[in-house]
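Listing of input_27.pdb; format and content: PDB, C-alpha atoms (C1' of nucleotides).
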```
ATOM      1  CA  MET D  20      93.121 -34.857  45.986
ATOM      2  CA  ARG D  21      94.540 -37.519  43.706
ATOM      3  CA  VAL D  22      97.334 -36.481  41.327
ATOM      4  CA  ARG D  23      98.863 -38.404  38.436
ATOM      5  CA  ILE D  24     102.599 -37.725  38.076
ATOM      6  CA  GLU D  25     104.341 -39.538  35.244
ATOM      7  CA  ASP D  26     107.728 -37.840  35.440
ATOM      8  CA  ASP D  27     110.438 -39.032  37.864
ATOM      9  CA  PHE D  28     109.053 -38.436  41.355
ATOM     10  CA  SER D  29     109.873 -40.170  44.623
ATOM     11  CA  PRO D  30     108.787 -38.431  47.826
ATOM     12  CA  ALA D  31     110.817 -40.925  49.868
ATOM     13  CA  LEU D  32     114.045 -40.171  47.980
ATOM     14  CA  ILE D  33     113.450 -36.422  48.101
ATOM     15  CA  ALA D  34     112.898 -36.637  51.873
ATOM     16  CA  GLU D  35     116.274 -38.369  52.264
ATOM     17  CA  SER D  36     118.142 -36.272  49.716
ATOM     18  CA  GLY D  37     119.493 -33.681  52.130
ATOM     19  CA  GLN D  38     118.139 -30.702  50.176
ATOM     20  CA  CYS D  39     115.147 -30.187  52.480
ATOM     21  CA  PHE D  40     114.829 -30.515  56.224
ATOM     22  CA  ARG D  41     111.083 -30.430  56.882
ATOM     23  CA  TRP D  42     109.941 -33.623  55.189
ATOM     24  CA  ASN D  43     109.098 -36.236  57.810
ATOM     25  CA  ASP D  44     107.359 -39.587  57.981
ATOM     26  CA  GLY D  45     103.601 -39.318  58.464
ATOM     27  CA  PRO D  46     100.959 -41.987  59.059
ATOM     28  CA  ASP D  47     100.403 -44.904  56.645
ATOM     29  CA  GLY D  48     103.635 -44.418  54.741
ATOM     30  CA  SER D  49     102.867 -40.816  53.878
ATOM     31  CA  LEU D  50     105.344 -37.941  53.938
ATOM     32  CA  ARG D  51     104.452 -34.759  55.813
ATOM     33  CA  VAL D  52     105.873 -31.690  54.128
ATOM     34  CA  ILE D  53     105.960 -28.134  55.448
ATOM     35  CA  HIS D  54     106.605 -25.286  53.020
ATOM     36  CA  ALA D  55     105.444 -21.718  52.389
ATOM     37  CA  GLY D  56     103.293 -21.600  55.505
ATOM     38  CA  SER D  57     101.448 -24.763  54.490
ATOM     39  CA  CYS D  58     101.623 -28.429  55.345
ATOM     40  CA  VAL D  59     100.613 -31.355  53.176
ATOM     41  CA  TYR D  60     100.662 -35.145  53.425
ATOM     42  CA  ILE D  61     101.809 -36.948  50.282
ATOM     43  CA  LYS D  62     101.048 -40.620  49.895
ATOM     44  CA  ALA D  63     101.950 -42.878  46.965
ATOM     45  CA  LEU D  64      98.969 -44.883  45.721
ATOM     46  CA  SER D  65     100.792 -46.517  42.808
ATOM     47  CA  ASP D  66     103.859 -45.781  40.671
ATOM     48  CA  ASP D  67     102.231 -42.711  39.142
ATOM     49  CA  ASP D  68      99.370 -41.842  41.470
ATOM     50  CA  TYR D  69      99.617 -39.791  44.623
ATOM     51  CA  GLU D  70      97.224 -38.555  47.252
ATOM     52  CA  PHE D  71      97.796 -34.982  48.434
ATOM     53  CA  SER D  72      95.887 -33.893  51.546
ATOM     54  CA  CYS D  73      94.924 -30.548  50.016
ATOM     55  CA  SER D  74      92.556 -28.943  47.552
ATOM     56  CA  GLU D  75      93.237 -28.815  43.834
ATOM     57  CA  ASP D  76      93.640 -25.061  44.162
ATOM     58  CA  GLU D  77      96.310 -25.417  46.838
ATOM     59  CA  TYR D  78      98.087 -28.120  44.860
ATOM     60  CA  GLU D  79      98.281 -25.899  41.794
ATOM     61  CA  ARG D  80      99.202 -22.802  43.751
ATOM     62  CA  ILE D  81     101.759 -24.224  46.201
ATOM     63  CA  TRP D  82     102.760 -27.843  45.761
ATOM     64  CA  ARG D  83     103.008 -28.255  42.002
ATOM     65  CA  PRO D  84     105.439 -25.328  41.629
ATOM     66  CA  TYR D  85     107.349 -26.398  44.770
ATOM     67  CA  LEU D  86     107.848 -29.863  43.284
ATOM     68  CA  ASP D  87     109.049 -28.263  40.036
ATOM     69  CA  MET D  88     106.583 -30.184  37.927
ATOM     70  CA  ASP D  89     107.279 -28.177  34.772
ATOM     71  CA  VAL D  90     110.797 -29.607  34.477
ATOM     72  CA  SER D  91     111.325 -33.117  33.070
ATOM     73  CA  TYR D  92     113.741 -34.854  35.406
ATOM     74  CA  ALA D  93     113.436 -38.020  33.335
ATOM     75  CA  GLY D  94     114.793 -36.019  30.419
ATOM     76  CA  ILE D  95     117.715 -34.702  32.449
ATOM     77  CA  ARG D  96     118.440 -38.167  33.825
ATOM     78  CA  GLU D  97     118.353 -39.726  30.372
ATOM     79  CA  SER D  98     120.933 -37.257  29.110
ATOM     80  CA  ILE D  99     123.607 -38.983  31.223
ATOM     81  CA  ASP D 100     126.232 -40.767  29.152
ATOM     82  CA  LYS D 101     126.357 -44.340  30.437
ATOM     83  CA  GLU D 102     129.689 -45.051  28.722
ATOM     84  CA  THR D 103     131.724 -42.110  29.956
ATOM     85  CA  ASP D 104     129.926 -41.603  33.308
ATOM     86  CA  PRO D 105     128.994 -45.085  34.537
ATOM     87  CA  TRP D 106     128.935 -44.188  38.224
ATOM     88  CA  LEU D 107     126.826 -41.086  37.663
ATOM     89  CA  TYR D 108     124.495 -43.166  35.507
ATOM     90  CA  GLU D 109     124.172 -45.760  38.252
ATOM     91  CA  ALA D 110     123.570 -42.998  40.815
ATOM     92  CA  ALA D 111     120.778 -41.517  38.702
ATOM     93  CA  VAL D 112     119.112 -44.900  38.229
ATOM     94  CA  SER D 113     119.149 -45.663  41.945
ATOM     95  CA  GLN D 114     118.077 -42.109  42.863
ATOM     96  CA  ARG D 115     115.514 -41.728  40.075
ATOM     97  CA  GLY D 116     112.708 -39.623  41.517
ATOM     98  CA  ILE D 117     114.798 -36.915  43.125
ATOM     99  CA  ARG D 118     113.738 -33.448  42.006
ATOM    100  CA  ILE D 119     115.163 -30.052  42.921
ATOM    101  CA  LEU D 120     112.493 -28.358  45.030
ATOM    102  CA  ARG D 121     111.657 -24.686  44.617
ATOM    103  CA  GLN D 122     112.226 -23.830  48.251
ATOM    104  CA  ASP D 123     111.711 -20.468  49.828
ATOM    105  CA  THR D 124     114.898 -18.444  49.413
ATOM    106  CA  PHE D 125     115.151 -17.138  52.969
ATOM    107  CA  GLU D 126     114.414 -20.547  54.437
ATOM    108  CA  ALA D 127     117.098 -22.121  52.240
ATOM    109  CA  LEU D 128     119.624 -19.459  53.191
ATOM    110  CA  ILE D 129     119.099 -19.873  56.925
ATOM    111  CA  SER D 130     118.829 -23.655  56.686
ATOM    112  CA  PHE D 131     122.111 -24.066  54.844
ATOM    113  CA  ILE D 132     123.906 -21.651  57.163
ATOM    114  CA  ILE D 133     122.702 -23.909  59.972
ATOM    115  CA  SER D 134     123.815 -27.013  58.048
ATOM    116  CA  GLN D 135     127.522 -26.253  58.082
ATOM    117  CA  ASN D 136     129.749 -28.821  59.730
ATOM    118  CA  ARG D 137     126.789 -30.887  60.948
ATOM    119  CA  ASN D 138     124.944 -34.035  59.996
ATOM    120  CA  ILE D 139     121.355 -34.086  58.833
ATOM    121  CA  PRO D 140     119.587 -35.172  62.069
ATOM    122  CA  ALA D 141     121.290 -32.310  63.909
ATOM    123  CA  ILE D 142     120.350 -29.833  61.165
ATOM    124  CA  LYS D 143     116.710 -30.899  61.270
ATOM    125  CA  ARG D 144     116.641 -30.617  65.041
ATOM    126  CA  SER D 145     117.944 -27.048  65.024
ATOM    127  CA  ILE D 146     115.506 -25.992  62.308
ATOM    128  CA  GLU D 147     112.540 -27.427  64.221
ATOM    129  CA  LEU D 148     113.706 -25.633  67.375
ATOM    130  CA  LEU D 149     113.944 -22.397  65.389
ATOM    131  CA  CYS D 150     110.440 -22.914  63.999
ATOM    132  CA  ASP D 151     109.148 -23.684  67.500
ATOM    133  CA  ALA D 152     110.762 -20.513  68.802
ATOM    134  CA  ALA D 153     109.678 -18.104  66.078
ATOM    135  CA  GLY D 154     107.342 -19.746  63.547
ATOM    136  CA  GLU D 155     103.563 -19.425  63.510
ATOM    137  CA  GLU D 156     101.529 -22.302  64.844
ATOM    138  CA  ARG D 157      98.974 -23.731  62.419
ATOM    139  CA  THR D 158      96.879 -26.848  62.041
ATOM    140  CA  ASP D 159      97.244 -29.355  59.215
ATOM    141  CA  ALA D 160      94.688 -31.475  57.334
ATOM    142  CA  LYS D 161      94.788 -34.161  60.028
ATOM    143  CA  GLY D 162      94.255 -31.711  62.878
ATOM    144  CA  MET D 163      97.898 -31.847  63.946
ATOM    145  CA  SER D 164      99.704 -28.661  64.780
ATOM    146  CA  TYR D 165     102.796 -27.503  62.920
ATOM    147  CA  ARG D 166     104.891 -24.378  62.784
ATOM    148  CA  THR D 167     105.812 -22.344  59.749
ATOM    149  CA  PHE D 168     109.401 -21.396  59.008
ATOM    150  CA  PRO D 169     109.827 -17.986  60.669
ATOM    151  CA  GLU D 170     109.891 -14.683  58.826
ATOM    152  CA  SER D 171     113.202 -12.813  59.045
ATOM    153  CA  GLU D 172     111.666 -10.293  61.452
ATOM    154  CA  ARG D 173     110.674 -13.038  63.857
ATOM    155  CA  ILE D 174     114.171 -14.495  63.927
ATOM    156  CA  ALA D 175     115.725 -11.048  64.263
ATOM    157  CA  ALA D 176     113.432 -10.379  67.233
ATOM    158  CA  LEU D 177     114.585 -13.452  69.180
ATOM    159  CA  THR D 178     116.736 -12.851  72.231
ATOM    160  CA  ASP D 179     120.210 -14.356  72.336
ATOM    161  CA  GLU D 180     118.964 -16.869  74.874
ATOM    162  CA  GLU D 181     116.102 -17.944  72.622
ATOM    163  CA  LEU D 182     118.408 -18.317  69.645
ATOM    164  CA  ASP D 183     120.916 -20.255  71.771
ATOM    165  CA  GLY D 184     118.061 -22.597  72.629
ATOM    166  CA  CYS D 185     117.975 -23.634  68.979
ATOM    167  CA  ARG D 186     121.366 -25.330  69.455
ATOM    168  CA  LEU D 187     123.002 -23.421  66.632
ATOM    169  CA  GLY D 188     126.386 -23.255  68.348
ATOM    170  CA  TYR D 189     128.784 -20.843  66.701
ATOM    171  CA  ARG D 190     126.298 -20.411  63.824
ATOM    172  CA  THR D 191     124.021 -18.351  66.097
ATOM    173  CA  SER D 192     125.663 -15.064  65.116
ATOM    174  CA  TYR D 193     125.555 -16.001  61.429
ATOM    175  CA  VAL D 194     121.799 -16.653  61.585
ATOM    176  CA  LYS D 195     121.174 -13.547  63.656
ATOM    177  CA  ARG D 196     123.080 -11.189  61.393
ATOM    178  CA  THR D 197     121.574 -12.624  58.227
ATOM    179  CA  ALA D 198     118.030 -12.416  59.608
ATOM    180  CA  GLU D 199     118.631  -8.820  60.719
ATOM    181  CA  LEU D 200     119.959  -7.869  57.297
ATOM    182  CA  VAL D 201     116.889  -9.297  55.562
ATOM    183  CA  ALA D 202     114.449  -7.895  58.134
ATOM    184  CA  SER D 203     115.884  -4.398  57.798
ATOM    185  CA  GLY D 204     115.524  -4.497  54.024
ATOM    186  CA  GLU D 205     119.229  -3.967  53.574
ATOM    187  CA  LEU D 206     119.393  -7.390  51.940
ATOM    188  CA  ASP D 207     116.637  -8.054  49.379
ATOM    189  CA  LEU D 208     116.861 -11.725  48.443
ATOM    190  CA  GLU D 209     114.257 -11.440  45.701
ATOM    191  CA  GLU D 210     116.099  -8.598  44.041
ATOM    192  CA  LEU D 211     119.245 -10.732  43.843
ATOM    193  CA  ASN D 212     117.446 -13.074  41.484
ATOM    194  CA  ALA D 213     118.359 -10.683  38.665
ATOM    195  CA  LEU D 214     122.054 -11.528  39.123
ATOM    196  CA  SER D 215     123.957 -14.104  37.106
ATOM    197  CA  ASP D 216     124.987 -17.319  38.857
ATOM    198  CA  ASP D 217     128.515 -16.026  39.419
ATOM    199  CA  ARG D 218     127.434 -12.629  40.714
ATOM    200  CA  LEU D 219     124.825 -14.191  42.966
ATOM    201  CA  THR D 220     127.431 -16.552  44.414
ATOM    202  CA  GLN D 221     129.744 -13.615  45.119
ATOM    203  CA  LYS D 222     126.970 -11.640  46.776
ATOM    204  CA  LEU D 223     125.916 -14.534  48.997
ATOM    205  CA  MET D 224     129.530 -15.253  49.961
ATOM    206  CA  SER D 225     129.840 -11.683  51.178
ATOM    207  CA  LEU D 226     127.356 -12.549  53.943
ATOM    208  CA  TYR D 227     128.769 -13.386  57.359
ATOM    209  CA  GLY D 228     128.830 -17.162  57.763
ATOM    210  CA  VAL D 229     128.286 -17.991  54.094
ATOM    211  CA  GLY D 230     131.155 -19.636  52.228
ATOM    212  CA  ALA D 231     131.362 -21.252  48.803
ATOM    213  CA  LYS D 232     129.554 -24.421  49.750
ATOM    214  CA  VAL D 233     126.597 -22.773  51.474
ATOM    215  CA  ALA D 234     126.338 -20.147  48.721
ATOM    216  CA  ASN D 235     126.084 -22.867  46.080
ATOM    217  CA  CYS D 236     123.437 -24.711  48.082
ATOM    218  CA  VAL D 237     121.416 -21.497  48.275
ATOM    219  CA  LEU D 238     121.755 -21.033  44.514
ATOM    220  CA  LEU D 239     120.632 -24.562  43.804
ATOM    221  CA  PHE D 240     117.913 -24.966  46.427
ATOM    222  CA  GLY D 241     116.853 -21.383  47.169
ATOM    223  CA  TYR D 242     117.140 -19.794  43.737
ATOM    224  CA  HIS D 243     116.577 -22.906  41.637
ATOM    225  CA  ARG D 244     119.798 -22.346  39.692
ATOM    226  CA  LEU D 245     120.001 -25.913  38.432
ATOM    227  CA  ASP D 246     123.576 -25.494  37.233
ATOM    228  CA  ALA D 247     124.979 -24.690  40.694
ATOM    229  CA  PHE D 248     127.310 -27.438  41.890
ATOM    230  CA  PRO D 249     127.898 -27.423  45.664
ATOM    231  CA  VAL D 250     131.137 -29.195  46.551
ATOM    232  CA  ASP D 251     131.192 -30.629  50.047
ATOM    233  CA  VAL D 252     133.168 -33.413  51.684
ATOM    234  CA  TRP D 253     131.002 -36.079  50.022
ATOM    235  CA  ILE D 254     131.339 -34.639  46.532
ATOM    236  CA  LYS D 255     135.087 -34.235  47.042
ATOM    237  CA  ARG D 256     135.387 -37.902  47.931
ATOM    238  CA  ILE D 257     133.139 -38.970  45.069
ATOM    239  CA  LEU D 258     135.062 -37.000  42.472
ATOM    240  CA  ALA D 259     138.378 -38.254  43.839
ATOM    241  CA  ALA D 260     137.141 -41.835  43.621
ATOM    242  CA  HIS D 261     135.312 -41.766  40.294
ATOM    243  CA  TYR D 262     136.857 -38.846  38.427
ATOM    244  CA  PRO D 263     140.551 -38.941  39.336
ATOM    245  CA  ALA D 264     141.371 -37.035  36.148
ATOM    246  CA  GLY D 265     138.846 -34.303  36.964
ATOM    247  CA  TYR D 266     135.100 -33.864  36.534
ATOM    248  CA  ASP D 267     133.974 -31.817  33.561
ATOM    249  CA  THR D 268     131.152 -29.455  34.505
ATOM    250  CA  GLU D 269     130.677 -28.408  30.875
ATOM    251  CA  LYS D 270     129.069 -31.633  29.745
ATOM    252  CA  TYR D 271     125.831 -31.472  31.730
ATOM    253  CA  ARG D 272     125.347 -27.728  31.733
ATOM    254  CA  PRO D 273     122.897 -26.287  32.694
ATOM    255  CA  TYR D 274     121.973 -29.196  34.996
ATOM    256  CA  ASN D 275     125.123 -29.748  37.032
ATOM    257  CA  GLY D 276     123.146 -29.343  40.236
ATOM    258  CA  VAL D 277     120.812 -32.191  39.367
ATOM    259  CA  MET D 278     123.797 -34.449  38.732
ATOM    260  CA  GLN D 279     125.269 -33.331  42.027
ATOM    261  CA  GLN D 280     122.098 -34.430  43.812
ATOM    262  CA  TYR D 281     122.122 -37.864  42.189
ATOM    263  CA  MET D 282     125.765 -38.345  43.206
ATOM    264  CA  PHE D 283     125.359 -37.008  46.720
ATOM    265  CA  ALA D 284     122.227 -39.001  47.502
ATOM    266  CA  HIS D 285     123.582 -42.202  45.972
ATOM    267  CA  ALA D 286     126.848 -41.941  47.896
ATOM    268  CA  ARG D 287     125.001 -41.405  51.158
ATOM    269  CA  ALA D 288     122.611 -44.285  50.540
ATOM    270  CA  GLU D 289     124.956 -46.827  48.995
ATOM    271  CA  GLY D 290     128.491 -45.672  49.742
ATOM    272  CA  ILE D 291     131.042 -44.175  47.424
TER     273      ILE D 291
ATOM    274  C1'  DA V   3     147.455 -11.748  46.674
ATOM    275  C1'  DG V   4     145.972 -16.169  48.036
ATOM    276  C1'  DG V   5     146.707 -20.446  50.781
ATOM    277  C1'  DC V   6     146.731 -22.756  55.181
ATOM    278  C1'  DA V   7     146.262 -23.992  60.250
ATOM    279  C1'  DG V   8     143.479 -23.788  64.096
ATOM    280  C1'  DG V   9     139.251 -22.925  66.419
ATOM    281  C1'  DC V  10     134.484 -23.095  66.767
ATOM    282  C1'  DT V  11     129.239 -25.447  69.290
ATOM    283  C1'  DT V  12     126.716 -29.381  69.373
ATOM    284  C1'  DT V  13     125.188 -33.872  67.973
ATOM    285  C1'  DT V  14     125.782 -38.351  66.128
ATOM    286  C1'  DA V  15     127.716 -42.870  65.578
TER     287       DA V  15
ATOM    288  C1'  DT A  27     136.605 -40.070  70.319
ATOM    289  C1'  DA A  28     136.148 -38.586  65.576
ATOM    290  C1'  DA A  29     133.483 -36.767  62.243
ATOM    291  C1'  DA A  30     129.749 -33.987  60.695
ATOM    292  C1'  DA A  31     126.152 -30.774  53.124
ATOM    293  C1'  DG A  32     132.140 -25.347  56.697
ATOM    294  C1'  DC A  33     133.442 -20.722  57.766
ATOM    295  C1'  DC A  34     136.170 -17.142  60.118
ATOM    296  C1'  DT A  35     140.372 -15.241  61.727
ATOM    297  C1'  DG A  36     145.148 -14.650  61.834
ATOM    298  C1'  DC A  37     149.476 -15.677  59.848
ATOM    299  C1'  DC A  38     152.629 -16.352  56.144
TER     300       DC A  38
END
```
Let me see whether you can do it: turn the structure in this file into structure tokens.
Amino acid sequence: MRVRIEDDFSPALIAESGQCFRWNDGPDGSLRVIHAGSCVYIKALSDDDYEFSCSEDEYERIWRPYLDMDVSYAGIRESIDKETDPWLYEAAVSQRGIRILRQDTFEALISFIISQNRNIPAIKRSIELLCDAAGEERTDAKGMSYRTFPESERIAALTDEELDGCRLGYRTSYVKRTAELVASGELDLEELNALSDDRLTQKLMSLYGVGAKVANCVLLFGYHRLDAFPVDVWIKRILAAHYPAGYDTEKYRPYNGVMQQYMFAHARAEGI
DNA sequence: AGGCAGGCTTTTA
DNA sequence: TAAAAGCCTGCC
């Protein structure tokens, strides 16, 4: 179906943003996106018009919420103070179209545990191997097969050899223990949504293999806490270079996470 | 108590 | 060979 989207939206920039790992190039300049057991091709027809390879019902039910279409990212972007934050402003202009996806919480948790101390191609490779090993095989709108992100029970049921085959390295035990905790019901990720940002961060950091950085990524990308501000090596370098006197996270509350994405993506694309 | 060094798997550039 | 969207353990 054809969809008109007038707010900031760039599938290409989202695919490169580092927040999601299952957006890949499809035919004819389209992006192929896998989420929530479904797969869709998104193709830009003009600045504001997009073709989604799904029904209107599926778009409304799955893709529109996933793409966070009820939040105005243009509004957030335009709140940036060009005078006091020139580099952030420039980052937001060049990365206009990035949105914070409403990803599945479990998928985000496992994905960002896998992400630690690795670059994006390696992260994507491990996640695809994990989906191949434990996800369900389905067929997309173009007749191509894809695999869903596995349920916690399916990951917990993998043998050590199968999990090792996903090239997780020392993260294998982190993924295994987290999946087992969720599968057993001992850890209810949905229930945690009632916690404040600080409490949720603490709770996630109590998990084996989850530190401050991964916890903040899970808040931002898995719980849609738009104020979460993951600090990684890139953000450290950016703040050192452009905010030597310190970066004030009060100013853009409650959208610090959106600003973080503009900065991170811009630094990766254009340099710091 | 809180901070720091060293180690960890594998891939990428 | 160093670095990579880091975290854990042990030591001080």
Residues in the PyMOL selection byres ((chain D) within 10 of (chain V)), expressed as a PyMOL selection string: chain D and resi 137-142+144+186-191
Hits from the PyMOL selection byres ((chain D) within 10 of (chain A)), listed as a ChimeraX atom specification: /D:37-38,131-132,134-139,141-142,190,193,227-233,236,249-254,283
Atom pair atom CA of D:Thr103 / atom CA of D:Val277: separation (Å):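 For atom CA of D:Thr103 relative to atom CA of D:Val277, the distance reads 17.5 Å.
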Two-atom distance - atom CA of D:Val237, atom CA of D:Leu120 (Å):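 Spanning atom CA of D:Val237 to atom CA of D:Leu120 is a straight-line distance of 11.7 Å.
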Atomic distance atom CA of D:Asp267 - atom CA of D:Asp216, expressed in Å with one decimal: 17.9 Å
Output of the PyMOL selection byres ((chain D and resi 107) around 12), listed as a ChimeraX atom specification: /D:96-106,108-115,254,257-258,260-262,266,271,275,277-286,291
Residue nearest D:Ala34 - candidates D:Arg118, D:Arg21, D:Arg83, D:Lys161, atoms counted: all atoms listed in the file: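 The answer is D:Arg118, which sits nearest to D:Ala34.
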Keeping N, CA and C atoms (P, O5', C5', C4', C3', O3' and C1' of nucleotides), write chain V of the structure just shown out as an mmCIF file, in the first residue's frame.
```cif
data_model
loop_
_atom_site.group_PDB
_atom_site.id
_atom_site.type_symbol
_atom_site.label_atom_id
_atom_site.label_comp_id
_atom_site.auth_asym_id
_atom_site.auth_seq_id
_atom_site.Cartn_x
_atom_site.Cartn_y
_atom_site.Cartn_z
ATOM 1 P P DA V 3 29.018 -1.242 50.088
ATOM 2 O "O5'" DA V 3 29.967 0.064 50.342
ATOM 3 C "C5'" DA V 3 29.425 1.359 50.289
ATOM 4 C "C4'" DA V 3 30.413 2.247 49.544
ATOM 5 C "C3'" DA V 3 30.585 1.801 48.077
ATOM 6 O "O3'" DA V 3 29.639 2.424 47.207
ATOM 7 C "C1'" DA V 3 32.725 2.086 49.107
ATOM 8 P P DG V 4 29.601 3.909 46.770
ATOM 9 O "O5'" DG V 4 30.801 4.032 45.742
ATOM 10 C "C5'" DG V 4 31.697 5.128 45.859
ATOM 11 C "C4'" DG V 4 32.962 4.825 45.091
ATOM 12 C "C3'" DG V 4 32.701 4.572 43.588
ATOM 13 O "O3'" DG V 4 33.653 5.330 42.866
ATOM 14 C "C1'" DG V 4 34.040 2.862 44.496
ATOM 15 P P DG V 5 33.505 5.620 41.324
ATOM 16 O "O5'" DG V 5 35.015 5.495 40.881
ATOM 17 C "C5'" DG V 5 36.050 5.960 41.749
ATOM 18 C "C4'" DG V 5 37.345 5.313 41.310
ATOM 19 C "C3'" DG V 5 37.434 5.114 39.795
ATOM 20 O "O3'" DG V 5 38.732 5.471 39.355
ATOM 21 C "C1'" DG V 5 37.694 3.033 40.891
ATOM 22 P P DC V 6 39.095 5.496 37.847
ATOM 23 O "O5'" DC V 6 40.034 4.221 37.723
ATOM 24 C "C5'" DC V 6 41.092 4.026 38.668
ATOM 25 C "C4'" DC V 6 41.811 2.734 38.350
ATOM 26 C "C3'" DC V 6 41.937 2.474 36.843
ATOM 27 O "O3'" DC V 6 43.226 1.974 36.557
ATOM 28 C "C1'" DC V 6 40.856 0.653 37.886
ATOM 29 P P DA V 7 43.753 1.921 35.046
ATOM 30 O "O5'" DA V 7 44.346 0.460 35.002
ATOM 31 C "C5'" DA V 7 45.097 -0.039 36.115
ATOM 32 C "C4'" DA V 7 45.271 -1.538 35.972
ATOM 33 C "C3'" DA V 7 45.627 -1.992 34.563
ATOM 34 O "O3'" DA V 7 46.565 -3.059 34.667
ATOM 35 C "C1'" DA V 7 43.551 -2.959 35.215
ATOM 36 P P DG V 8 47.271 -3.630 33.399
ATOM 37 O "O5'" DG V 8 46.421 -4.943 33.125
ATOM 38 C "C5'" DG V 8 46.293 -5.912 34.171
ATOM 39 C "C4'" DG V 8 45.358 -7.011 33.716
ATOM 40 C "C3'" DG V 8 45.569 -7.457 32.263
ATOM 41 O "O3'" DG V 8 45.669 -8.876 32.270
ATOM 42 C "C1'" DG V 8 43.283 -6.939 32.634
ATOM 43 P P DG V 9 45.927 -9.701 30.970
ATOM 44 O "O5'" DG V 9 44.507 -10.376 30.710
ATOM 45 C "C5'" DG V 9 43.899 -11.123 31.768
ATOM 46 C "C4'" DG V 9 42.528 -11.562 31.315
ATOM 47 C "C3'" DG V 9 42.493 -12.122 29.891
ATOM 48 O "O3'" DG V 9 41.800 -13.363 29.908
ATOM 49 C "C1'" DG V 9 40.876 -10.408 30.145
ATOM 50 P P DC V 10 41.830 -14.339 28.704
ATOM 51 O "O5'" DC V 10 40.346 -14.192 28.139
ATOM 52 C "C5'" DC V 10 39.227 -14.337 29.009
ATOM 53 C "C4'" DC V 10 37.992 -13.772 28.328
ATOM 54 C "C3'" DC V 10 37.849 -14.205 26.868
ATOM 55 O "O3'" DC V 10 36.607 -14.839 26.693
ATOM 56 C "C1'" DC V 10 37.471 -11.882 27.127
ATOM 57 P P DT V 11 36.495 -16.403 26.561
ATOM 58 O "O5'" DT V 11 35.870 -16.550 25.102
ATOM 59 C "C5'" DT V 11 36.656 -16.439 23.958
ATOM 60 C "C4'" DT V 11 35.740 -16.071 22.832
ATOM 61 C "C3'" DT V 11 36.307 -16.394 21.452
ATOM 62 O "O3'" DT V 11 35.268 -17.019 20.707
ATOM 63 C "C1'" DT V 11 35.668 -14.128 21.549
ATOM 64 P P DT V 12 35.541 -17.739 19.342
ATOM 65 O "O5'" DT V 12 35.309 -16.545 18.304
ATOM 66 C "C5'" DT V 12 34.022 -15.983 18.193
ATOM 67 C "C4'" DT V 12 34.099 -14.746 17.332
ATOM 68 C "C3'" DT V 12 34.844 -14.925 16.007
ATOM 69 O "O3'" DT V 12 33.870 -14.928 14.973
ATOM 70 C "C1'" DT V 12 35.347 -12.841 17.066
ATOM 71 P P DT V 13 34.294 -14.934 13.439
ATOM 72 O "O5'" DT V 13 34.285 -13.369 13.091
ATOM 73 C "C5'" DT V 13 33.136 -12.607 13.420
ATOM 74 C "C4'" DT V 13 33.371 -11.162 13.064
ATOM 75 C "C3'" DT V 13 33.842 -10.911 11.626
ATOM 76 O "O3'" DT V 13 32.985 -9.948 11.069
ATOM 77 C "C1'" DT V 13 35.261 -9.794 13.171
ATOM 78 P P DT V 14 33.076 -9.596 9.527
ATOM 79 O "O5'" DT V 14 33.810 -8.182 9.562
ATOM 80 C "C5'" DT V 14 33.299 -7.168 10.405
ATOM 81 C "C4'" DT V 14 34.268 -6.008 10.448
ATOM 82 C "C3'" DT V 14 34.808 -5.578 9.073
ATOM 83 O "O3'" DT V 14 34.558 -4.197 8.918
ATOM 84 C "C1'" DT V 14 36.568 -5.823 10.654
ATOM 85 P P DA V 15 34.684 -3.527 7.502
ATOM 86 O "O5'" DA V 15 36.045 -2.703 7.660
ATOM 87 C "C5'" DA V 15 36.183 -1.804 8.753
ATOM 88 C "C4'" DA V 15 37.605 -1.302 8.786
ATOM 89 C "C3'" DA V 15 38.197 -0.995 7.410
ATOM 90 O "O3'" DA V 15 38.933 0.213 7.457
ATOM 91 C "C1'" DA V 15 39.572 -2.524 8.518
#
```
